[in-house]
$ cat target_4.cif   # mmCIF, C-alpha atoms
data_coords
loop_
_atom_site.label_atom_id
_atom_site.label_comp_id
_atom_site.auth_asym_id
_atom_site.auth_seq_id
_atom_site.Cartn_x
_atom_site.Cartn_y
_atom_site.Cartn_z
CA MET A 1047 32.16 -49.64 34.00
CA VAL A 1048 32.35 -51.61 30.75
CA ALA A 1049 34.56 -54.65 30.81
CA GLU A 1050 36.93 -55.40 27.94
CA ALA A 1051 35.27 -57.95 25.68
CA ALA A 1052 36.96 -61.33 25.65
CA GLY A 1053 36.96 -63.76 22.74
CA LYS A 1054 35.70 -62.69 19.33
CA ASP A 1055 35.45 -58.99 18.54
CA TYR A 1056 32.02 -58.81 16.92
CA TYR A 1057 32.39 -55.09 16.22
CA SER A 1058 35.58 -55.72 14.28
CA ILE A 1059 34.00 -58.64 12.40
CA LEU A 1060 31.22 -56.36 11.12
CA GLY A 1061 33.56 -53.41 10.67
CA VAL A 1062 31.58 -51.02 12.88
CA SER A 1063 32.44 -48.92 15.93
CA ARG A 1064 31.29 -49.84 19.43
CA ASP A 1065 28.73 -47.03 19.38
CA ALA A 1066 27.33 -48.02 15.97
CA SER A 1067 23.58 -47.64 15.52
CA GLN A 1068 21.30 -50.54 14.68
CA HIS A 1069 20.86 -49.50 11.06
CA GLU A 1070 24.66 -49.27 10.64
CA ILE A 1071 25.01 -52.81 11.99
CA LYS A 1072 22.21 -54.03 9.73
CA ARG A 1073 23.66 -52.35 6.68
CA GLN A 1074 27.14 -53.78 7.24
CA TYR A 1075 25.78 -57.28 7.72
CA LYS A 1076 23.74 -57.09 4.52
CA THR A 1077 26.73 -55.89 2.52
CA LEU A 1078 29.29 -58.35 3.91
CA SER A 1079 27.03 -61.42 4.05
CA ARG A 1080 26.30 -61.17 0.31
CA ARG A 1081 30.02 -60.79 -0.40
CA HIS A 1082 31.03 -63.86 1.64
CA HIS A 1083 28.05 -66.13 0.92
CA PRO A 1084 29.33 -69.74 0.46
CA ASP A 1085 27.44 -70.19 -2.82
CA LYS A 1086 29.28 -67.18 -4.19
CA ASN A 1087 32.66 -68.45 -2.94
CA GLN A 1088 32.50 -72.19 -3.62
CA GLY A 1089 35.51 -74.09 -2.30
CA ASP A 1090 36.64 -71.13 -0.18
CA GLU A 1091 36.52 -72.34 3.43
CA LYS A 1092 37.63 -68.97 4.78
CA ALA A 1093 34.67 -67.27 3.11
CA HIS A 1094 32.34 -69.88 4.65
CA GLU A 1095 33.77 -69.27 8.12
CA ARG A 1096 33.53 -65.54 7.59
CA PHE A 1097 29.87 -65.90 6.60
CA ILE A 1098 29.16 -67.75 9.86
CA GLU A 1099 31.06 -65.16 11.93
CA LEU A 1100 29.08 -62.34 10.33
CA ALA A 1101 25.81 -64.04 11.26
CA GLU A 1102 27.00 -64.57 14.85
CA ALA A 1103 28.11 -60.95 15.15
CA TYR A 1104 24.84 -59.64 13.75
CA GLU A 1105 22.77 -61.91 16.00
CA VAL A 1106 24.49 -60.51 19.09
CA LEU A 1107 24.80 -56.84 18.17
CA SER A 1108 21.29 -56.52 16.71
CA ASP A 1109 19.76 -57.56 20.04
CA ASP A 1110 20.02 -54.79 22.66
CA GLU A 1111 20.04 -57.17 25.62
CA LYS A 1112 22.68 -59.49 24.17
CA ARG A 1113 24.74 -56.54 23.04
CA GLU A 1114 24.73 -55.10 26.57
CA ILE A 1115 25.89 -58.43 28.02
CA TYR A 1116 28.59 -58.69 25.35
CA ASN A 1117 29.79 -55.13 25.96
CA ARG A 1118 30.15 -55.82 29.69
CA TYR A 1119 31.38 -59.41 29.84
CA GLY A 1120 32.43 -60.34 26.32
CA GLU A 1121 31.78 -63.63 24.56
CA GLU A 1122 32.15 -65.59 27.81
CA GLY A 1123 29.32 -63.59 29.35
CA LEU A 1124 27.01 -64.64 26.51
CA LYS A 1125 27.83 -68.28 27.06
CA ASN A 1126 27.02 -67.98 30.76
CA GLN A 1127 23.65 -66.49 29.82
CA GLY A 1128 22.71 -69.49 27.75
CA GLY A 1129 24.11 -68.32 24.41
CA PRO A 1130 22.57 -66.07 21.78
CA GLY A 1131 20.09 -68.74 20.80
CA GLY A 1132 18.74 -68.92 24.36
CA GLY A 1133 18.67 -71.94 26.65
CA GLY A 1134 22.19 -72.94 25.77
CA GLY A 1135 21.17 -73.66 22.18
CA GLY A 1136 23.98 -71.55 20.63
CA PHE A 1137 23.60 -69.46 17.48
CA HIS A 1138 20.86 -69.72 14.89
CA ASP A 1139 21.52 -71.08 11.41
CA PRO A 1140 23.45 -68.36 9.55
CA PHE A 1141 21.45 -69.11 6.39
CA ASP A 1142 18.23 -68.42 8.29
CA ILE A 1143 19.57 -65.01 9.31
CA PHE A 1144 20.62 -64.33 5.72
CA ALA A 1145 17.14 -65.32 4.52
CA GLN A 1146 15.58 -62.70 6.81
CA PHE A 1147 16.99 -60.05 4.50
CA PHE A 1148 17.13 -61.71 1.10
CA GLY A 1149 14.69 -64.60 1.37
CA GLY A 1150 15.54 -68.23 0.78
CA HIS A 1151 15.68 -67.83 -2.98
CA VAL A 1152 19.07 -66.16 -3.35
CA ARG A 1153 21.46 -68.65 -4.92
CA PHE A 1154 24.75 -68.11 -6.70
CA ASP A 1155 26.17 -69.97 -9.67
CA ARG A 1156 29.60 -71.57 -9.86
CA ARG A 1157 31.20 -68.47 -11.28
CA GLY A 1158 30.32 -66.54 -8.15
CA GLY A 1159 27.47 -64.52 -9.61
CA GLU A 1160 23.79 -64.77 -8.87
CA ARG A 1161 21.75 -66.98 -11.14
CA ALA A 1162 20.10 -65.12 -13.92
CA LYS A 1163 17.13 -63.25 -12.52
CA PRO A 1164 15.71 -60.01 -13.80
CA ARG A 1165 16.75 -56.93 -11.90
CA GLY A 1166 14.00 -55.01 -10.18
CA PRO A 1167 13.47 -51.29 -10.75
CA ASP A 1168 15.58 -48.71 -9.00
CA VAL A 1169 13.91 -46.48 -6.44
CA HIS A 1170 14.67 -42.73 -6.67
CA ILE A 1171 14.16 -40.65 -3.54
CA HIS A 1172 14.64 -36.88 -3.26
CA ILE A 1173 16.37 -35.79 -0.08
CA PRO A 1174 16.50 -32.10 0.94
CA VAL A 1175 19.94 -30.87 2.05
CA THR A 1176 21.27 -27.51 3.17
CA LEU A 1177 24.16 -25.65 1.57
CA ASN A 1178 25.96 -26.06 4.89
CA GLU A 1179 25.69 -29.86 4.61
CA LEU A 1180 27.00 -29.78 1.05
CA TYR A 1181 29.96 -27.67 2.22
CA THR A 1182 30.96 -29.53 5.39
CA GLY A 1183 29.63 -33.00 4.57
CA ALA A 1184 27.09 -34.84 6.68
CA GLU A 1185 25.43 -38.14 7.47
CA VAL A 1186 21.65 -38.08 7.17
CA ASP A 1187 19.47 -40.91 8.47
CA VAL A 1188 16.55 -41.47 6.10
CA ASP A 1189 13.50 -43.57 6.96
CA ILE A 1190 12.08 -45.35 3.94
CA SER A 1191 9.31 -47.85 3.29
CA LYS A 1192 10.12 -50.60 0.84
CA GLN A 1193 8.89 -53.98 -0.31
CA ALA A 1194 10.47 -56.93 1.50
CA ILE A 1195 10.16 -60.69 1.12
CA CYS A 1196 7.66 -62.10 3.61
CA HIS A 1197 9.61 -63.64 6.48
CA HIS A 1198 6.76 -65.97 7.43
CA CYS A 1199 6.52 -67.85 4.13
CA ASP A 1200 10.02 -67.03 2.87
CA GLY A 1201 8.49 -65.62 -0.29
CA SER A 1202 6.54 -68.74 -1.28
CA GLY A 1203 3.13 -67.23 -0.56
CA ALA A 1204 2.00 -70.42 1.23
CA ALA A 1205 1.07 -70.92 4.88
CA SER A 1206 3.57 -73.80 5.10
CA PRO A 1207 5.65 -75.95 2.71
CA ASP A 1208 2.91 -78.59 2.86
CA ASP A 1209 0.49 -76.10 1.36
CA ILE A 1210 2.29 -76.08 -2.00
CA ASP A 1211 1.16 -78.64 -4.59
CA THR A 1212 2.31 -79.46 -8.08
CA CYS A 1213 0.10 -77.74 -10.63
CA SER A 1214 -2.41 -80.26 -11.99
CA THR A 1215 -2.85 -78.33 -15.23
CA CYS A 1216 0.76 -78.34 -16.45
CA GLY A 1217 2.05 -81.22 -14.31
CA GLY A 1218 4.74 -79.04 -12.78
CA SER A 1219 6.37 -77.98 -16.06
CA GLY A 1220 5.02 -74.45 -15.95
CA VAL A 1221 3.96 -74.59 -19.61
CA ARG A 1222 0.92 -75.81 -21.48
CA VAL A 1223 1.08 -77.60 -24.81
CA VAL A 1224 -1.70 -76.64 -27.21
CA LYS A 1225 -2.31 -78.66 -30.37
CA GLN A 1226 -4.23 -77.23 -33.29
CA ILE A 1227 -5.33 -79.22 -36.35
CA LEU A 1228 -4.75 -77.13 -39.45
CA GLY A 1229 -5.85 -79.75 -41.97
CA PRO A 1230 -5.77 -83.45 -42.78
CA GLY A 1231 -2.56 -84.76 -41.26
CA ILE A 1232 -1.35 -81.26 -40.33
CA VAL A 1233 -1.07 -80.56 -36.61
CA GLN A 1234 0.47 -77.42 -35.08
CA GLN A 1235 1.85 -77.65 -31.55
CA MET A 1236 2.47 -74.55 -29.48
CA GLN A 1237 3.71 -73.94 -25.94
CA SER A 1238 2.51 -71.18 -23.65
CA ARG A 1239 2.91 -70.31 -20.02
CA CYS A 1240 0.50 -72.10 -17.75
CA ASP A 1241 -2.24 -69.72 -16.70
CA GLU A 1242 -3.10 -71.72 -13.60
CA CYS A 1243 0.28 -71.50 -11.86
CA GLY A 1244 1.76 -68.52 -13.71
CA GLY A 1245 4.55 -70.68 -15.14
CA LYS A 1246 5.87 -71.73 -11.74
CA GLY A 1247 4.74 -75.35 -11.89
CA LYS A 1248 3.36 -75.17 -8.36
CA ARG A 1249 0.14 -73.99 -6.85
CA VAL A 1250 -0.51 -72.56 -3.37
CA VAL A 1251 -3.30 -74.42 -1.62
CA LYS A 1252 -3.44 -72.31 1.53
CA PRO A 1253 -2.04 -68.74 1.38
CA CYS A 1254 0.32 -67.30 3.95
CA PRO A 1255 -1.63 -65.65 6.80
CA LEU A 1256 0.84 -62.75 7.00
CA CYS A 1257 1.24 -61.64 3.37
CA GLU A 1258 -2.03 -63.29 2.22
CA GLY A 1259 -0.22 -64.99 -0.64
CA ALA A 1260 1.41 -61.82 -1.99
CA ARG A 1261 4.88 -63.16 -1.02
CA VAL A 1262 6.04 -59.66 -0.08
CA LEU A 1263 5.27 -57.04 2.58
CA ARG A 1264 5.86 -53.33 3.05
CA GLU A 1265 8.41 -52.78 5.81
CA PRO A 1266 10.20 -49.72 7.22
CA ASP A 1267 13.93 -49.39 6.84
CA MET A 1268 16.58 -46.78 7.57
CA LEU A 1269 19.59 -45.88 5.48
CA THR A 1270 22.43 -43.53 6.32
CA VAL A 1271 23.16 -41.19 3.41
CA ARG A 1272 26.75 -39.96 3.51
CA ILE A 1273 27.07 -36.53 1.90
CA GLU A 1274 30.65 -35.77 0.89
CA PRO A 1275 31.93 -32.18 1.10
CA GLY A 1276 31.46 -30.47 -2.24
CA MET A 1277 28.62 -32.62 -3.55
CA ALA A 1278 26.26 -30.81 -5.89
CA ASP A 1279 22.54 -30.24 -6.14
CA GLY A 1280 20.95 -33.06 -8.15
CA GLU A 1281 23.76 -35.53 -7.49
CA GLU A 1282 22.66 -39.10 -6.71
CA ILE A 1283 23.94 -41.41 -3.98
CA PRO A 1284 23.07 -45.03 -4.85
CA PHE A 1285 22.60 -47.92 -2.43
CA GLU A 1286 23.00 -51.11 -4.44
CA GLY A 1287 20.54 -53.87 -3.54
CA GLU A 1288 18.41 -51.64 -1.28
CA GLY A 1289 15.44 -51.33 -3.65
CA ASP A 1290 12.20 -53.28 -3.44
CA GLN A 1291 12.63 -57.03 -2.92
CA HIS A 1292 10.74 -59.80 -4.69
CA PRO A 1293 11.37 -63.55 -4.89
CA ASP A 1294 11.42 -63.42 -8.70
CA HIS A 1295 14.00 -60.68 -9.21
CA GLU A 1296 17.07 -59.07 -7.71
CA PRO A 1297 16.46 -55.88 -5.79
CA GLY A 1298 17.47 -52.74 -7.62
CA SER A 1299 19.16 -49.73 -6.07
CA ALA A 1300 17.77 -47.08 -3.79
CA ALA A 1301 19.17 -43.83 -5.18
CA PHE A 1302 18.96 -40.62 -3.16
CA ARG A 1303 18.97 -37.43 -5.24
CA LEU A 1304 20.21 -34.36 -3.37
CA ARG A 1305 17.95 -31.31 -3.48
CA GLN A 1306 19.67 -28.17 -2.16
CA GLN A 1307 17.48 -25.85 -0.13
CA PRO A 1308 17.85 -22.06 -0.62
CA HIS A 1309 20.31 -20.31 1.67
CA GLU A 1310 19.46 -16.89 3.09
CA VAL A 1311 22.87 -15.42 2.23
CA TYR A 1312 24.77 -17.53 -0.28
CA GLU A 1313 24.05 -18.90 -3.73
CA ARG A 1314 26.12 -21.64 -5.29
CA HIS A 1315 27.28 -21.55 -8.90
CA GLY A 1316 29.42 -24.56 -9.65
CA ASP A 1317 32.22 -24.57 -7.08
CA ASP A 1318 31.90 -20.83 -6.33
CA LEU A 1319 29.79 -19.12 -3.68
CA HIS A 1320 28.03 -15.83 -4.39
CA ALA A 1321 26.87 -13.32 -1.79
CA GLU A 1322 25.43 -9.81 -1.87
CA VAL A 1323 26.42 -7.25 0.76
CA THR A 1324 24.92 -3.81 1.30
CA ILE A 1325 27.22 -1.00 2.44
CA THR A 1326 26.47 2.63 3.25
CA LEU A 1327 27.32 5.45 0.88
CA LEU A 1328 29.99 6.56 3.35
CA ASP A 1329 31.61 3.09 3.30
CA ALA A 1330 31.45 3.10 -0.49
CA LEU A 1331 33.37 6.40 -0.60
CA VAL A 1332 35.97 6.04 2.15
CA GLY A 1333 36.40 2.27 2.43
CA PHE A 1334 35.44 -0.20 5.13
CA THR A 1335 36.30 -3.40 6.99
CA ARG A 1336 33.65 -5.87 8.09
CA THR A 1337 33.10 -9.61 8.54
CA ILE A 1338 30.40 -12.00 7.43
CA THR A 1339 29.83 -15.56 8.59
CA HIS A 1340 30.87 -18.25 6.15
CA VAL A 1341 28.43 -20.91 4.92
CA ASP A 1342 29.93 -23.34 7.43
CA ASP A 1343 28.37 -21.21 10.22
CA LYS A 1344 31.72 -21.16 12.04
CA SER A 1345 34.46 -19.18 10.32
CA GLU A 1346 34.36 -15.45 9.63
CA ILE A 1347 35.13 -13.90 6.23
CA ARG A 1348 36.94 -10.55 6.38
CA LEU A 1349 35.78 -8.03 3.78
CA GLN A 1350 37.95 -4.97 3.25
CA ARG A 1351 37.97 -2.11 0.74
CA GLN A 1352 40.22 0.94 0.92
CA SER A 1353 39.19 2.57 -2.34
CA VAL A 1354 35.83 3.73 -3.70
CA THR A 1355 33.32 0.90 -4.18
CA PRO A 1356 30.86 1.52 -7.03
CA PRO A 1357 27.39 -0.13 -7.04
CA GLY A 1358 27.54 -3.68 -8.36
CA HIS A 1359 31.27 -4.04 -7.74
CA VAL A 1360 32.27 -7.72 -7.40
CA GLN A 1361 35.10 -8.74 -5.09
CA ARG A 1362 36.59 -12.21 -5.60
CA LEU A 1363 37.95 -14.05 -2.54
CA ALA A 1364 40.11 -16.91 -3.72
CA GLY A 1365 39.73 -20.27 -1.97
CA LYS A 1366 36.60 -19.27 0.00
CA GLY A 1367 34.12 -21.24 -2.11
CA MET A 1368 32.93 -24.86 -2.07
CA PRO A 1369 35.33 -27.78 -1.57
CA LEU A 1370 36.55 -29.33 -4.82
CA ARG A 1371 35.75 -33.02 -4.70
CA ARG A 1372 38.41 -35.51 -5.75
CA ARG A 1373 36.33 -36.92 -8.57
CA GLN A 1374 37.32 -37.56 -12.16
CA HIS A 1375 38.35 -33.92 -12.64
CA GLY A 1376 40.34 -33.88 -9.39
CA ARG A 1377 41.42 -30.52 -7.99
CA GLY A 1378 41.44 -27.24 -9.79
CA SER A 1379 44.04 -26.64 -12.50
CA ASP A 1380 45.96 -24.42 -10.07
CA GLY A 1381 45.98 -27.07 -7.34
CA ALA A 1382 43.28 -25.30 -5.31
CA GLU A 1383 41.07 -27.33 -2.96
CA HIS A 1384 38.18 -24.84 -2.88
CA GLY A 1385 36.37 -22.63 -5.32
CA ASP A 1386 36.11 -18.86 -4.88
CA MET A 1387 33.66 -16.54 -3.18
CA LEU A 1388 32.30 -13.60 -5.15
CA VAL A 1389 30.82 -10.73 -3.13
CA THR A 1390 28.66 -8.15 -4.91
CA TYR A 1391 28.30 -4.77 -3.18
CA TRP A 1392 25.20 -2.61 -3.29
CA ILE A 1393 25.06 0.93 -1.95
CA GLN A 1394 22.60 2.19 0.66
CA PHE A 1395 21.87 5.86 0.05
CA PRO A 1396 20.56 8.18 2.75
CA ALA A 1397 16.83 8.86 2.67
CA ALA A 1398 17.40 12.62 3.24
CA VAL A 1399 20.26 15.08 3.74
CA ASP A 1400 19.92 18.29 5.75
CA GLU A 1401 21.24 21.68 4.60
CA ALA A 1402 24.37 21.57 6.75
CA ALA A 1403 25.32 18.19 5.33
CA LYS A 1404 24.68 19.42 1.80
CA GLU A 1405 27.14 22.26 2.33
CA HIS A 1406 29.79 19.83 3.49
CA LEU A 1407 29.13 17.55 0.51
CA LEU A 1408 29.29 20.44 -1.94
CA ARG A 1409 32.56 21.62 -0.50
CA VAL A 1410 34.12 18.16 -0.76
CA LEU A 1411 32.58 16.67 -3.88
CA GLY A 1412 32.54 19.97 -5.72
CA ASP A 1413 36.25 20.57 -5.22
CA PRO A 1414 38.13 19.13 -8.24
CA GLN A 1415 41.28 19.03 -6.12
CA ALA A 1416 39.64 16.82 -3.48
CA VAL A 1417 37.75 14.35 -5.67
CA SER A 1418 38.90 12.45 -8.76
CA TRP A 1419 36.03 11.32 -10.98
CA ASP A 1420 36.24 8.27 -13.24
CA GLY A 1421 35.45 10.22 -16.39
CA THR A 1422 32.26 8.42 -17.43
CA THR A 1423 29.36 10.40 -18.81
CA SER A 1424 25.67 9.87 -18.18
CA SER A 1425 25.27 8.10 -21.51
CA SER A 1426 28.22 5.78 -20.99
CA THR A 1427 27.24 5.08 -17.40
CA LYS A 1428 23.74 4.18 -18.50
CA ASP A 1429 24.97 1.18 -20.47
CA SER A 1430 28.15 0.46 -18.58
CA ALA A 1431 28.41 -3.07 -17.21
CA THR A 1432 30.98 -1.83 -14.75
CA HIS A 1433 28.79 0.88 -13.26
CA ARG A 1434 25.37 -0.63 -13.74
CA GLY A 1435 23.87 -1.20 -10.32
CA ARG A 1436 20.89 -0.53 -8.17
CA GLN A 1437 20.20 1.39 -5.02
CA ALA A 1438 20.02 -0.76 -1.92
CA PRO A 1439 16.51 -1.56 -0.66
CA ASN A 1440 14.99 0.60 2.05
CA HIS A 1441 15.54 -2.14 4.63
CA PRO A 1442 19.07 -3.54 4.84
CA PRO A 1443 19.02 -7.21 3.73
CA THR A 1444 20.04 -10.07 5.97
CA HIS A 1445 23.55 -10.04 4.43
CA ASP A 1446 24.60 -7.26 6.80
CA GLU A 1447 23.14 -8.89 9.88
CA LEU A 1448 25.49 -11.83 10.17
#
$ encode --input "target_4.cif" --output "structure tokens"
Amino acid sequence: MVAEAAGKDYYSILGVSRDASQHEIKRQYKTLSRRHHPDKNQGDEKAHERFIELAEAYEVLSDDEKREIYNRYGEEGLKNQGGPGGGGGGFHDPFDIFAQFFGGHVRFDRRGGERAKPRGPDVHIHIPVTLNELYTGAEVDVDISKQAICHHCDGSGAASPDDIDTCSTCGGSGVRVVKQILGPGIVQQMQSRCDECGGKGKRVVKPCPLCEGARVLREPDMLTVRIEPGMADGEEIPFEGEGDQHPDHEPGSAAFRLRQQPHEVYERHGDDLHAEVTITLLDALVGFTRTITHVDDKSEIRLQRQSVTPPGHVQRLAGKGMPLRRRQHGRGSDGAEHGDMLVTYWIQFPAAVDEAAKEHLLRVLGDPQAVSWDGTTSSSTKDSATHRGRQAPNHPPTHDEL
């Protein structure tokens, strides 16, 4: 039995549910900690306190053992266990936790924005999705590998702070001054970036043993891609700040581009769904009622025809297509929330007809009183868009097997 947590509600602080996964907790912390960072909210004591609370909540909920204790006994149970820091030492420095994700080089100016640093490139990732997921919506967990700031050296590239010296070539300025004599009494002075330190003014004496001086590492990460109902093939879902990290630039976005996989029954055209259904010649002549399973794999679509159905006939079912997203264009002009479904019928002819059946057909189809023809001739039918069709394949397609 889980006890009601006493004290601070760490789940509420991070804005996640009690059954939230680790990557959901991590993602919320990364988003909220940047928003409430004290350097970005100078003079705002509430933002500073919020930043500390976020770090405390993440420290507890990101550790399975501490999270279990918290779920059972609340904040008081953590204190009795020696605190999140272990041994009664309390919580870790919230800035150290922040630096685990963004390094120690993220600073904000007085206007609340990050100091001018070039933005890193965006990362574009194709993600396969089914038509069902685009119809109903879904959450897809995606494992990615991206560049992260080395947590051992904090992005400095050195084994320790003592292993960083001032560059002896430029004296720490990061630039070299080159003088060139052009003539008697004429001296040209030029500045260029120091080649020895790369313009940083400092030089690493002993490289970091983890990243070997590269300052960054490749690390796995997981992001939850939320697919909204009605999203389209090729649409991108961006995650700001989730691109490759580097001490010298801001991380760009990780953008997931949706790639719709073919569906065995339905094709999507805009907000409409298209399907092809094969019916027998008898059904085409006398009418029929049947059902097919919708793209959501749950509801049934009722198909009904009481009159003659020619090959290639298209039946439109209003409101049975894809959900219309509430984007810039909003709903349809008629207030509809879904597109339409268009069902094309193809006719399955018998492979052979015996003599008795032929006599019956001749009696019925040959009687002008029993059958009313549409009046088209062979020449007009040949080029008629209304009557142009094809005979159904020998084997009934999967459309009829739903």
$ resolve_selection --input "target_4.cif" --expression "the PyMOL selection byres ((chain A and resi 1073) around 12)" --output "number ranges by chain"
A: 1060-1062, 1066-1072, 1074-1080, 1100, 1104, 1108, 1147, 1267-1271, 1285-1288
$ atom_distance --input "target_4.cif" --atom1 "CA of Cys1216 in chain A" --atom2 "CA of Gly1229 in chain A"
26.4 Å
$ resolve_selection --input "target_4.cif" --expression "the PyMOL selection byres ((chain A and resi 1304-1311) around 6)" --output "MDAnalysis selection string"
chainID A and resid 1173:1176 1279:1281 1303 1312 1445
$ atom_distance --input "target_4.cif" --atom1 "CA of Val1341 in chain A" --atom2 "CA of Ile1171 in chain A"
25.8 Å
$ atom_distance --input "target_4.cif" --atom1 "CA of Pro1164 in chain A" --atom2 "CA of Cys1213 in chain A"
23.8 Å
$ build_atoms --input "target_4.cif" --residues "range 1084-1100 of chain A" --atoms "N, CA and C atoms" --output "mmCIF file, keeping the file's coordinate frame"
data_model
loop_
_atom_site.group_PDB
_atom_site.id
_atom_site.type_symbol
_atom_site.label_atom_id
_atom_site.label_comp_id
_atom_site.auth_asym_id
_atom_site.auth_seq_id
_atom_site.Cartn_x
_atom_site.Cartn_y
_atom_site.Cartn_z
ATOM 1 N N PRO A 1084 28.630 -68.543 0.948
ATOM 2 C CA PRO A 1084 29.330 -69.740 0.460
ATOM 3 C C PRO A 1084 29.014 -70.083 -0.990
ATOM 4 N N ASP A 1085 27.773 -69.879 -1.436
ATOM 5 C CA ASP A 1085 27.440 -70.190 -2.820
ATOM 6 C C ASP A 1085 28.172 -69.285 -3.805
ATOM 7 N N LYS A 1086 28.553 -68.120 -3.338
ATOM 8 C CA LYS A 1086 29.280 -67.180 -4.190
ATOM 9 C C LYS A 1086 30.789 -67.432 -4.134
ATOM 10 N N ASN A 1087 31.226 -68.184 -3.129
ATOM 11 C CA ASN A 1087 32.660 -68.450 -2.940
ATOM 12 C C ASN A 1087 32.867 -69.956 -2.750
ATOM 13 N N GLN A 1088 32.434 -70.734 -3.736
ATOM 14 C CA GLN A 1088 32.500 -72.190 -3.620
ATOM 15 C C GLN A 1088 33.946 -72.660 -3.518
ATOM 16 N N GLY A 1089 34.178 -73.550 -2.537
ATOM 17 C CA GLY A 1089 35.510 -74.090 -2.300
ATOM 18 C C GLY A 1089 36.384 -73.216 -1.423
ATOM 19 N N ASP A 1090 35.876 -72.047 -1.026
ATOM 20 C CA ASP A 1090 36.640 -71.130 -0.180
ATOM 21 C C ASP A 1090 36.172 -71.297 1.260
ATOM 22 N N GLU A 1091 36.908 -72.067 2.041
ATOM 23 C CA GLU A 1091 36.520 -72.340 3.430
ATOM 24 C C GLU A 1091 36.575 -71.094 4.293
ATOM 25 N N LYS A 1092 37.523 -70.199 3.994
ATOM 26 C CA LYS A 1092 37.630 -68.970 4.780
ATOM 27 C C LYS A 1092 36.392 -68.096 4.593
ATOM 28 N N ALA A 1093 35.882 -68.047 3.368
ATOM 29 C CA ALA A 1093 34.670 -67.270 3.110
ATOM 30 C C ALA A 1093 33.486 -67.868 3.857
ATOM 31 N N HIS A 1094 33.417 -69.219 3.921
ATOM 32 C CA HIS A 1094 32.340 -69.880 4.650
ATOM 33 C C HIS A 1094 32.406 -69.548 6.144
ATOM 34 N N GLU A 1095 33.602 -69.613 6.703
ATOM 35 C CA GLU A 1095 33.770 -69.270 8.120
ATOM 36 C C GLU A 1095 33.442 -67.806 8.375
ATOM 37 N N ARG A 1096 33.831 -66.967 7.453
ATOM 38 C CA ARG A 1096 33.530 -65.540 7.590
ATOM 39 C C ARG A 1096 32.026 -65.298 7.554
ATOM 40 N N PHE A 1097 31.328 -66.015 6.701
ATOM 41 C CA PHE A 1097 29.870 -65.900 6.600
ATOM 42 C C PHE A 1097 29.211 -66.272 7.927
ATOM 43 N N ILE A 1098 29.717 -67.319 8.560
ATOM 44 C CA ILE A 1098 29.160 -67.750 9.860
ATOM 45 C C ILE A 1098 29.474 -66.712 10.932
ATOM 46 N N GLU A 1099 30.697 -66.180 10.942
ATOM 47 C CA GLU A 1099 31.060 -65.160 11.930
ATOM 48 C C GLU A 1099 30.201 -63.908 11.786
ATOM 49 N N LEU A 1100 29.920 -63.517 10.556
ATOM 50 C CA LEU A 1100 29.080 -62.340 10.330
ATOM 51 C C LEU A 1100 27.691 -62.544 10.908
#
